[in-house]
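**Q** Just run27.cif, nothing more (mmCIF, C-alpha atoms):
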data_run
#
loop_
_atom_site.group_PDB
_atom_site.id
_atom_site.type_symbol
_atom_site.label_atom_id
_atom_site.label_comp_id
_atom_site.auth_asym_id
_atom_site.auth_seq_id
_atom_site.Cartn_x
_atom_site.Cartn_y
_atom_site.Cartn_z
ATOM 1 C CA MET Y 19 -27.639 10.089 -14.160
ATOM 2 C CA HIS Y 20 -25.947 12.895 -12.266
ATOM 3 C CA THR Y 21 -25.941 10.580 -9.236
ATOM 4 C CA ILE Y 22 -23.947 8.002 -11.224
ATOM 5 C CA LEU Y 23 -21.350 10.577 -12.258
ATOM 6 C CA ARG Y 24 -20.924 11.951 -8.738
ATOM 7 C CA THR Y 25 -20.585 8.449 -7.329
ATOM 8 C CA LEU Y 26 -17.988 7.430 -9.900
ATOM 9 C CA ARG Y 27 -15.856 10.498 -9.314
ATOM 10 C CA SER Y 28 -16.008 10.242 -5.534
ATOM 11 C CA SER Y 29 -15.208 6.514 -5.381
ATOM 12 C CA ALA Y 30 -11.623 5.459 -4.863
ATOM 13 C CA ALA Y 31 -10.086 2.025 -5.170
ATOM 14 C CA PRO Y 32 -9.302 0.453 -1.797
ATOM 15 C CA ASN Y 33 -5.803 1.320 -0.629
ATOM 16 C CA VAL Y 34 -5.080 -2.368 -0.200
ATOM 17 C CA ARG Y 35 -3.773 -5.034 -2.542
ATOM 18 C CA PRO Y 36 -4.265 -8.769 -2.157
ATOM 19 C CA ILE Y 37 -1.412 -10.192 -0.118
ATOM 20 C CA ALA Y 38 1.047 -12.194 -2.182
ATOM 21 C CA GLY Y 39 2.037 -15.473 -0.632
ATOM 22 C CA SER Y 40 2.270 -19.198 -1.062
ATOM 23 C CA GLY Y 41 0.126 -20.146 1.934
ATOM 24 C CA HIS Y 42 -3.108 -22.023 1.453
ATOM 25 C CA ALA Y 43 -5.128 -18.926 2.287
ATOM 26 C CA ALA Y 44 -3.616 -16.782 -0.474
ATOM 27 C CA MET Y 45 -6.170 -15.313 -2.875
ATOM 28 C CA ARG Y 46 -6.407 -17.177 -6.160
ATOM 29 C CA PRO Y 47 -7.548 -15.899 -9.565
ATOM 30 C CA PRO Y 48 -10.136 -15.039 -10.592
ATOM 31 C CA LEU Y 49 -11.179 -13.821 -7.111
ATOM 32 C CA ALA Y 50 -8.329 -11.324 -6.941
ATOM 33 C CA GLU Y 51 -8.970 -10.155 -10.511
ATOM 34 C CA VAL Y 52 -12.674 -9.609 -9.905
ATOM 35 C CA LEU Y 53 -11.964 -7.293 -6.981
ATOM 36 C CA ARG Y 54 -10.355 -4.828 -9.392
ATOM 37 C CA VAL Y 55 -13.717 -4.320 -11.075
ATOM 38 C CA THR Y 56 -15.996 -4.145 -8.050
ATOM 39 C CA THR Y 57 -15.018 -0.714 -6.727
ATOM 40 C CA VAL Y 58 -16.700 1.116 -9.608
ATOM 41 C CA VAL Y 59 -19.712 -1.203 -9.777
ATOM 42 C CA ALA Y 60 -20.190 -1.101 -5.997
ATOM 43 C CA ALA Y 61 -20.079 2.690 -6.004
ATOM 44 C CA LEU Y 62 -22.660 2.808 -8.781
ATOM 45 C CA CYS Y 63 -24.944 0.316 -7.062
ATOM 46 C CA GLY Y 64 -24.750 2.321 -3.845
ATOM 47 C CA GLY Y 65 -25.480 5.560 -5.688
ATOM 48 C CA LEU Y 66 -28.552 4.079 -7.342
ATOM 49 C CA LEU Y 67 -30.270 2.539 -4.303
ATOM 50 C CA TRP Y 68 -32.722 5.408 -4.299
ATOM 51 C CA ALA Y 69 -34.024 4.331 -7.718
ATOM 52 C CA ALA Y 70 -34.330 0.595 -7.069
ATOM 53 C CA LYS Y 71 -37.378 -1.468 -6.163
ATOM 54 C CA ALA Y 72 -37.353 -4.390 -3.754
ATOM 55 C CA GLY Y 73 -37.960 -7.784 -5.328
ATOM 56 C CA ALA Y 74 -36.769 -11.350 -5.672
ATOM 57 C CA GLY Y 75 -34.212 -10.553 -8.358
ATOM 58 C CA ALA Y 76 -32.065 -12.878 -10.428
ATOM 59 C CA PHE Y 77 -28.700 -12.814 -12.066
ATOM 60 C CA PRO Y 78 -29.001 -10.604 -15.159
ATOM 61 C CA PRO Y 79 -28.826 -11.960 -18.697
ATOM 62 C CA GLU Y 80 -25.809 -11.278 -20.893
ATOM 63 C CA THR Y 81 -27.153 -8.254 -22.715
ATOM 64 C CA LEU Y 82 -23.965 -6.306 -23.476
ATOM 65 C CA PRO Y 83 -22.515 -7.282 -26.869
ATOM 66 C CA VAL Y 84 -18.904 -8.349 -27.303
ATOM 67 C CA ILE Y 85 -16.894 -6.283 -29.752
ATOM 68 C CA ASP Y 86 -15.901 -8.165 -32.928
ATOM 69 C CA GLY Y 87 -12.635 -10.099 -32.673
ATOM 70 C CA ALA Y 88 -12.483 -9.979 -28.870
ATOM 71 C CA ARG Y 89 -11.172 -12.806 -26.741
ATOM 72 C CA LEU Y 90 -13.733 -13.175 -23.974
ATOM 73 C CA THR Y 91 -13.117 -14.553 -20.478
ATOM 74 C CA PRO Y 92 -15.914 -15.038 -17.912
ATOM 75 C CA ALA Y 93 -14.666 -13.333 -14.742
ATOM 76 C CA ALA Y 94 -17.611 -13.841 -12.401
ATOM 77 C CA GLU Y 95 -20.797 -15.655 -13.325
ATOM 78 C CA LEU Y 96 -22.280 -15.567 -9.808
ATOM 79 C CA ILE Y 97 -21.350 -12.472 -7.840
ATOM 80 C CA ARG Y 98 -23.179 -10.057 -5.553
ATOM 81 C CA ILE Y 99 -21.813 -6.559 -5.007
ATOM 82 C CA LYS Y 100 -23.401 -4.963 -1.943
ATOM 83 C CA GLY Y 101 -26.109 -7.595 -2.373
ATOM 84 C CA VAL Y 102 -26.786 -6.675 -6.012
ATOM 85 C CA PRO Y 103 -26.578 -9.612 -8.494
ATOM 86 C CA THR Y 104 -23.867 -8.849 -11.032
ATOM 87 C CA ARG Y 105 -22.162 -10.654 -13.888
ATOM 88 C CA ILE Y 106 -18.664 -9.604 -14.966
ATOM 89 C CA ARG Y 107 -16.892 -10.592 -18.181
ATOM 90 C CA GLN Y 108 -13.378 -9.636 -19.300
ATOM 91 C CA PHE Y 109 -12.183 -9.212 -22.867
ATOM 92 C CA GLU Y 110 -9.157 -8.257 -24.940
ATOM 93 C CA VAL Y 111 -9.263 -7.115 -28.566
ATOM 94 C CA GLU Y 112 -6.941 -5.758 -31.241
ATOM 95 C CA ALA Y 113 -8.415 -2.290 -31.609
ATOM 96 C CA SER Y 114 -7.839 1.326 -30.709
ATOM 97 C CA LEU Y 115 -9.337 2.776 -27.558
ATOM 98 C CA ALA Y 116 -11.281 5.248 -29.712
ATOM 99 C CA SER Y 117 -12.917 2.504 -31.796
ATOM 100 C CA ALA Y 118 -13.761 0.367 -28.742
ATOM 101 C CA ARG Y 119 -15.209 3.408 -26.993
ATOM 102 C CA ALA Y 120 -17.322 4.257 -30.063
ATOM 103 C CA PHE Y 121 -18.610 0.665 -30.261
ATOM 104 C CA TYR Y 122 -19.754 0.603 -26.653
ATOM 105 C CA ARG Y 123 -21.172 4.104 -26.717
ATOM 106 C CA ALA Y 124 -23.424 2.918 -29.540
ATOM 107 C CA ALA Y 125 -24.175 -0.404 -27.800
ATOM 108 C CA LEU Y 126 -25.195 1.227 -24.518
ATOM 109 C CA GLY Y 127 -27.357 3.882 -26.128
ATOM 110 C CA GLN Y 128 -28.463 7.112 -24.486
ATOM 111 C CA PRO Y 129 -28.447 8.569 -21.896
ATOM 112 C CA ILE Y 130 -24.940 7.483 -21.012
ATOM 113 C CA VAL Y 131 -22.390 8.570 -18.408
ATOM 114 C CA GLU Y 132 -18.715 8.575 -19.359
ATOM 115 C CA THR Y 133 -15.808 9.324 -17.042
ATOM 116 C CA ARG Y 134 -12.269 8.282 -16.171
ATOM 117 C CA VAL Y 135 -11.350 6.172 -13.145
ATOM 118 C CA ALA Y 136 -7.565 5.786 -12.847
ATOM 119 C CA ALA Y 137 -6.373 4.500 -16.251
ATOM 120 C CA TRP Y 138 -9.816 3.273 -17.287
ATOM 121 C CA THR Y 139 -12.488 4.849 -19.459
ATOM 122 C CA VAL Y 140 -15.811 3.982 -17.831
ATOM 123 C CA LEU Y 141 -19.153 4.024 -19.640
ATOM 124 C CA ALA Y 142 -22.347 3.431 -17.662
ATOM 125 C CA ARG Y 143 -26.060 3.367 -18.320
ATOM 126 C CA LYS Y 144 -29.060 2.565 -16.142
ATOM 127 C CA GLN Y 145 -32.116 1.304 -18.014
ATOM 128 C CA ASP Y 146 -35.172 0.235 -16.028
ATOM 129 C CA GLN Y 147 -33.668 -1.889 -13.213
ATOM 130 C CA GLN Y 148 -30.532 -2.888 -15.124
ATOM 131 C CA LEU Y 149 -27.146 -1.192 -14.686
ATOM 132 C CA HIS Y 150 -24.574 -1.745 -17.442
ATOM 133 C CA VAL Y 151 -20.939 -0.701 -16.948
ATOM 134 C CA VAL Y 152 -18.117 -0.973 -19.506
ATOM 135 C CA ARG Y 153 -14.487 -0.337 -18.577
ATOM 136 C CA LEU Y 154 -11.848 0.141 -21.294
ATOM 137 C CA ARG Y 155 -8.084 0.563 -21.135
ATOM 138 C CA ASP Y 156 -5.419 0.883 -23.854
ATOM 139 C CA THR Y 157 -2.695 -1.709 -23.226
ATOM 140 C CA GLY Y 158 -0.148 0.274 -25.280
ATOM 141 C CA ASP Y 159 0.484 -2.468 -27.850
ATOM 142 C CA GLY Y 160 -2.435 -1.925 -30.215
ATOM 143 C CA ARG Y 161 -4.898 -3.730 -27.993
ATOM 144 C CA VAL Y 162 -7.690 -2.764 -25.624
ATOM 145 C CA GLU Y 163 -8.678 -4.678 -22.509
ATOM 146 C CA GLY Y 164 -12.002 -4.222 -20.827
ATOM 147 C CA THR Y 165 -14.759 -5.539 -18.612
ATOM 148 C CA LEU Y 166 -18.506 -5.824 -19.151
ATOM 149 C CA SER Y 167 -20.659 -5.660 -16.012
ATOM 150 C CA GLU Y 168 -24.410 -6.228 -15.852
ATOM 151 C CA SER Y 169 -26.264 -5.658 -12.571
ATOM 152 C CA ASP Y 170 -29.867 -6.229 -11.497
ATOM 153 C CA LEU Y 171 -30.879 -3.307 -9.287
ATOM 154 C CA SER Y 172 -34.343 -4.687 -8.511
ATOM 155 C CA VAL Y 173 -33.063 -6.216 -5.262
ATOM 156 C CA ALA Y 174 -30.917 -3.266 -4.198
ATOM 157 C CA VAL Y 175 -33.248 -1.928 -1.491
ATOM 158 C CA ALA Y 176 -33.786 -5.374 0.029
ATOM 159 C CA ALA Y 177 -30.024 -5.963 -0.020
ATOM 160 C CA GLN Y 178 -29.267 -2.969 2.191
ATOM 161 C CA ASP Y 179 -30.031 -4.998 5.313
ATOM 162 C CA GLN Y 180 -28.056 -8.049 4.217
ATOM 163 C CA PRO Y 181 -26.263 -9.543 7.244
ATOM 164 C CA LEU Y 182 -22.478 -9.496 7.141
ATOM 165 C CA GLY Y 183 -22.050 -12.635 9.219
ATOM 166 C CA LEU Y 184 -19.860 -10.839 11.769
ATOM 167 C CA ARG Y 185 -19.834 -7.636 13.785
ATOM 168 C CA LEU Y 186 -17.634 -4.772 12.639
ATOM 169 C CA PRO Y 187 -15.847 -2.640 15.239
ATOM 170 C CA ALA Y 188 -17.994 0.186 16.591
ATOM 171 C CA GLY Y 189 -18.089 3.206 14.286
ATOM 172 C CA SER Y 190 -16.789 1.332 11.230
ATOM 173 C CA GLN Y 191 -17.915 2.363 7.739
ATOM 174 C CA LEU Y 192 -18.383 -0.520 5.294
ATOM 175 C CA SER Y 193 -17.170 0.351 1.778
ATOM 176 C CA THR Y 194 -17.129 -2.986 -0.063
ATOM 177 C CA ASP Y 195 -19.208 -6.146 0.221
ATOM 178 C CA VAL Y 196 -18.712 -8.703 -2.557
ATOM 179 C CA GLU Y 197 -19.901 -12.310 -2.738
ATOM 180 C CA MET Y 198 -19.081 -14.843 -5.429
ATOM 181 C CA HIS Y 199 -19.075 -18.545 -6.187
ATOM 182 C CA ASP Y 200 -16.280 -19.943 -8.299
ATOM 183 C CA GLU Y 201 -14.547 -23.291 -8.875
ATOM 184 C CA GLY Y 202 -15.952 -25.028 -5.806
ATOM 185 C CA ARG Y 203 -15.559 -22.015 -3.543
ATOM 186 C CA SER Y 204 -17.906 -19.512 -1.990
ATOM 187 C CA ALA Y 205 -16.162 -16.225 -1.169
ATOM 188 C CA ARG Y 206 -17.078 -13.027 0.659
ATOM 189 C CA PHE Y 207 -14.879 -9.919 0.500
ATOM 190 C CA LEU Y 208 -15.462 -7.053 2.940
ATOM 191 C CA ALA Y 209 -13.629 -3.750 3.309
ATOM 192 C CA TRP Y 210 -14.254 -1.044 5.876
ATOM 193 C CA HIS Y 211 -12.721 2.046 7.423
ATOM 194 C CA SER Y 212 -12.311 2.300 11.181
ATOM 195 C CA GLU Y 213 -11.158 5.126 13.412
ATOM 196 C CA GLN Y 214 -10.171 2.548 16.027
ATOM 197 C CA SER Y 215 -6.499 1.529 16.291
ATOM 198 C CA SER Y 216 -4.875 -1.261 14.315
ATOM 199 C CA ALA Y 217 -4.462 -3.301 17.502
ATOM 200 C CA HIS Y 218 -8.159 -2.888 18.352
ATOM 201 C CA ASN Y 219 -9.275 -3.998 14.894
ATOM 202 C CA GLN Y 220 -6.948 -6.996 14.897
ATOM 203 C CA ALA Y 221 -8.157 -8.103 18.324
ATOM 204 C CA HIS Y 222 -11.786 -7.599 17.279
ATOM 205 C CA LEU Y 223 -11.331 -9.637 14.094
ATOM 206 C CA GLN Y 224 -9.558 -12.432 15.919
ATOM 207 C CA ALA Y 225 -12.331 -12.669 18.523
ATOM 208 C CA GLU Y 226 -15.098 -12.599 15.891
ATOM 209 C CA LEU Y 227 -13.479 -15.292 13.744
ATOM 210 C CA GLU Y 228 -12.449 -17.527 16.641
ATOM 211 C CA ALA Y 229 -16.068 -17.442 17.833
ATOM 212 C CA ARG Y 230 -16.955 -18.898 14.424
ATOM 213 C CA GLY Y 231 -14.466 -21.738 14.626
ATOM 214 C CA TYR Y 232 -11.438 -20.165 12.940
ATOM 215 C CA ARG Y 233 -7.944 -20.345 14.397
ATOM 216 C CA LEU Y 234 -5.232 -17.731 13.827
ATOM 217 C CA GLU Y 235 -2.344 -19.366 11.966
ATOM 218 C CA ARG Y 236 0.009 -16.432 11.483
ATOM 219 C CA ARG Y 237 0.300 -12.672 11.695
ATOM 220 C CA LEU Y 238 2.713 -10.899 9.326
ATOM 221 C CA PRO Y 239 3.657 -7.347 8.356
ATOM 222 C CA LEU Y 240 2.185 -6.316 5.005
ATOM 223 C CA ALA Y 241 4.222 -7.431 2.002
ATOM 224 C CA GLU Y 242 3.878 -4.004 0.329
ATOM 225 C CA PRO Y 243 6.771 -1.874 1.685
ATOM 226 C CA THR Y 244 4.888 1.412 1.200
ATOM 227 C CA LEU Y 245 2.061 0.317 3.504
ATOM 228 C CA ARG Y 246 2.047 0.071 7.296
ATOM 229 C CA GLY Y 247 -0.017 -2.670 8.801
ATOM 230 C CA SER Y 248 -0.493 -6.398 9.245
ATOM 231 C CA SER Y 249 -2.028 -9.414 7.575
ATOM 232 C CA LEU Y 250 -3.773 -12.108 9.603
ATOM 233 C CA TRP Y 251 -4.272 -15.641 8.286
ATOM 234 C CA PHE Y 252 -7.010 -17.881 9.694
ATOM 235 C CA ALA Y 253 -8.154 -21.437 8.962
ATOM 236 C CA ALA Y 254 -11.085 -23.660 9.883
ATOM 237 C CA GLU Y 255 -12.669 -26.843 8.568
ATOM 238 C CA ALA Y 256 -13.186 -26.233 4.810
ATOM 239 C CA ARG Y 257 -12.786 -22.473 5.386
ATOM 240 C CA GLU Y 258 -10.050 -19.849 5.147
ATOM 241 C CA ALA Y 259 -9.830 -16.157 5.983
ATOM 242 C CA VAL Y 260 -7.226 -13.506 5.214
ATOM 243 C CA ALA Y 261 -7.458 -10.043 6.761
ATOM 244 C CA THR Y 262 -5.327 -6.968 6.177
ATOM 245 C CA VAL Y 263 -5.249 -3.959 8.486
ATOM 246 C CA VAL Y 264 -3.632 -0.914 6.869
ATOM 247 C CA GLU Y 265 -2.725 2.073 9.017
ATOM 248 C CA HIS Y 266 -3.097 5.660 7.813
ATOM 249 C CA GLY Y 267 -3.586 9.107 9.290
ATOM 250 C CA ALA Y 268 -7.360 8.875 9.670
ATOM 251 C CA GLY Y 269 -7.464 5.427 11.234
ATOM 252 C CA VAL Y 270 -7.210 2.065 9.473
ATOM 253 C CA THR Y 271 -8.599 0.355 6.387
ATOM 254 C CA VAL Y 272 -9.488 -3.291 6.915
ATOM 255 C CA THR Y 273 -10.131 -5.942 4.275
ATOM 256 C CA LEU Y 274 -11.370 -9.440 4.996
ATOM 257 C CA ASN Y 275 -11.521 -12.267 2.463
ATOM 258 C CA LEU Y 276 -13.558 -15.288 3.616
ATOM 259 C CA VAL Y 277 -13.483 -18.462 1.504
ATOM 260 C CA THR Y 278 -15.589 -21.584 2.057
ATOM 261 C CA PHE Y 279 -14.757 -24.723 0.078
ATOM 262 C CA LEU Y 280 -17.942 -26.374 -1.138
ATOM 263 C CA PRO Y 281 -18.611 -30.133 -1.167
ATOM 264 C CA ALA Y 282 -18.287 -31.670 -4.613
ATOM 265 C CA ALA Y 283 -22.040 -32.310 -4.758
ATOM 266 C CA THR Y 284 -22.795 -28.574 -4.597
ATOM 267 C CA ARG Y 285 -20.249 -27.414 -7.170
#
Could you express the structure from this file as structure tokens?
**A**
Amino acid sequence: MHTILRTLRSSAAPNVRPIAGSGHAAMRPPLAEVLRVTTVVAALCGGLLWAAKAGAGAFPPETLPVIDGARLTPAAELIRIKGVPTRIRQFEVEASLASARAFYRAALGQPIVETRVAAWTVLARKQDQQLHVVRLRDTGDGRVEGTLSESDLSVAVAAQDQPLGLRLPAGSQLSTDVEMHDEGRSARFLAWHSEQSSAHNQAHLQAELEARGYRLERRLPLAEPTLRGSSLWFAAEAREAVATVVEHGAGVTVTLNLVTFLPAATR
């Protein structure tokens, strides 16, 4: 459990926000919403690889209870975070943060890890090969919003060698790898840090995607005025890709969102 706590405290949300825009490649909910949850879960999954066993694995059952009176919204029924099958549900309830925290402390049982990540109270417990994570936040109007995440760690070791589908620039460090299927779409979200220049990463991405049939449609400065960097928009038959390259003192942070539109028969 100490590994969980260290991983939570050392993880930081990506310094990148989804690019706002009206183009066809703009991220659509709930994909953008789900990415807010995955940083903590991905860090936990990575920190627990040492304890996992290889296996076939399956998406975990809904085992976390929903607090009484909550309005529940499925956020991601089919998602893989660093290859680990995960289900994420969102909820909102008229309650105090203290009462919601007490409910989920009792629901998770012991031993439990509790910490703060930004404005969120995070409760986590690993039991056998299941990882349960609850995030809670006071909305300031007598309500609490939260997420319930259930992950199957039995495939974590096997997932470490999962192919990315493209080559990252030499020396890059992958921090996020999320897959999900939603509303006729299959999506993959990658984020990595690179010590190479912004120009090198943009050229590398363009070459990798063009080799896979994408065409660059436009290149724009980031919409967030406090960030330096560029967004690149690609399209292909039934596929889209949006990349952001954010410059900072230690290199660049790159995010890549790949979306494939599925035929109606497979939805």
**Q** Apply the PyMOL selection byres ((chain Y and resi 268) around 10) to the displayed file and report the matching residues as a tab-separated table (two decimals) with C-alpha atoms, in the coordinates of the input.
**A**
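To be explicit, this is the file written out as result.tsv:
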chain	number	residue	atom	x	y	z
Y	211	HIS	CA	-12.72	2.05	7.42
Y	212	SER	CA	-12.31	2.30	11.18
Y	213	GLU	CA	-11.16	5.13	13.41
Y	214	GLN	CA	-10.17	2.55	16.03
Y	215	SER	CA	-6.50	1.53	16.29
Y	265	GLU	CA	-2.72	2.07	9.02
Y	266	HIS	CA	-3.10	5.66	7.81
Y	267	GLY	CA	-3.59	9.11	9.29
Y	269	GLY	CA	-7.46	5.43	11.23
Y	270	VAL	CA	-7.21	2.06	9.47
Y	271	THR	CA	-8.60	0.36	6.39
**Q** Mind pulling up the distance from atom CA of Y:Val264 to atom CA of Y:Val196?
**A**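 Distance reported for this atom pair: 19.4 Å.
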**Q** For each of Y:Leu223, Y:Val152, Y:Thr273, Y:Thr104, take the minimum atom-to-atom distance to Y:Glu197, counting only C-alpha atoms, then give the residue where this is smallest.
**A** Y:Thr104
**Q** List the neighbours of Y:Pro239 out to 8 Å using all atoms listed in the file; skip same-chain residues closer than 6 positions along the sequence, and give me the result as a PyMOL selection string.
**A** chain Y and resi 246-249
**Q** Determine the nearest neighbour of Y:Ala188 from the options Y:Arg206, Y:Asn219, Y:Val272, Y:Leu166, counting only C-alpha atoms.
**A** Y:Asn219
**Q** Do you know which residues the PyMOL selection byres ((chain Y and resi 251) around 8) returns on this file, as a short mmCIF file (atom, residue, chain, number, x, y, z; two decimals) with C-alpha atoms, in the coordinates of the input?
**A**
data_model
loop_
_atom_site.label_atom_id
_atom_site.label_comp_id
_atom_site.auth_asym_id
_atom_site.auth_seq_id
_atom_site.Cartn_x
_atom_site.Cartn_y
_atom_site.Cartn_z
CA ALA Y 43 -5.13 -18.93 2.29
CA LEU Y 234 -5.23 -17.73 13.83
CA GLU Y 235 -2.34 -19.37 11.97
CA ARG Y 236 0.01 -16.43 11.48
CA ARG Y 237 0.30 -12.67 11.70
CA SER Y 249 -2.03 -9.41 7.58
CA LEU Y 250 -3.77 -12.11 9.60
CA PHE Y 252 -7.01 -17.88 9.69
CA ALA Y 253 -8.15 -21.44 8.96
CA GLU Y 258 -10.05 -19.85 5.15
CA ALA Y 259 -9.83 -16.16 5.98
CA VAL Y 260 -7.23 -13.51 5.21
CA ALA Y 261 -7.46 -10.04 6.76
#
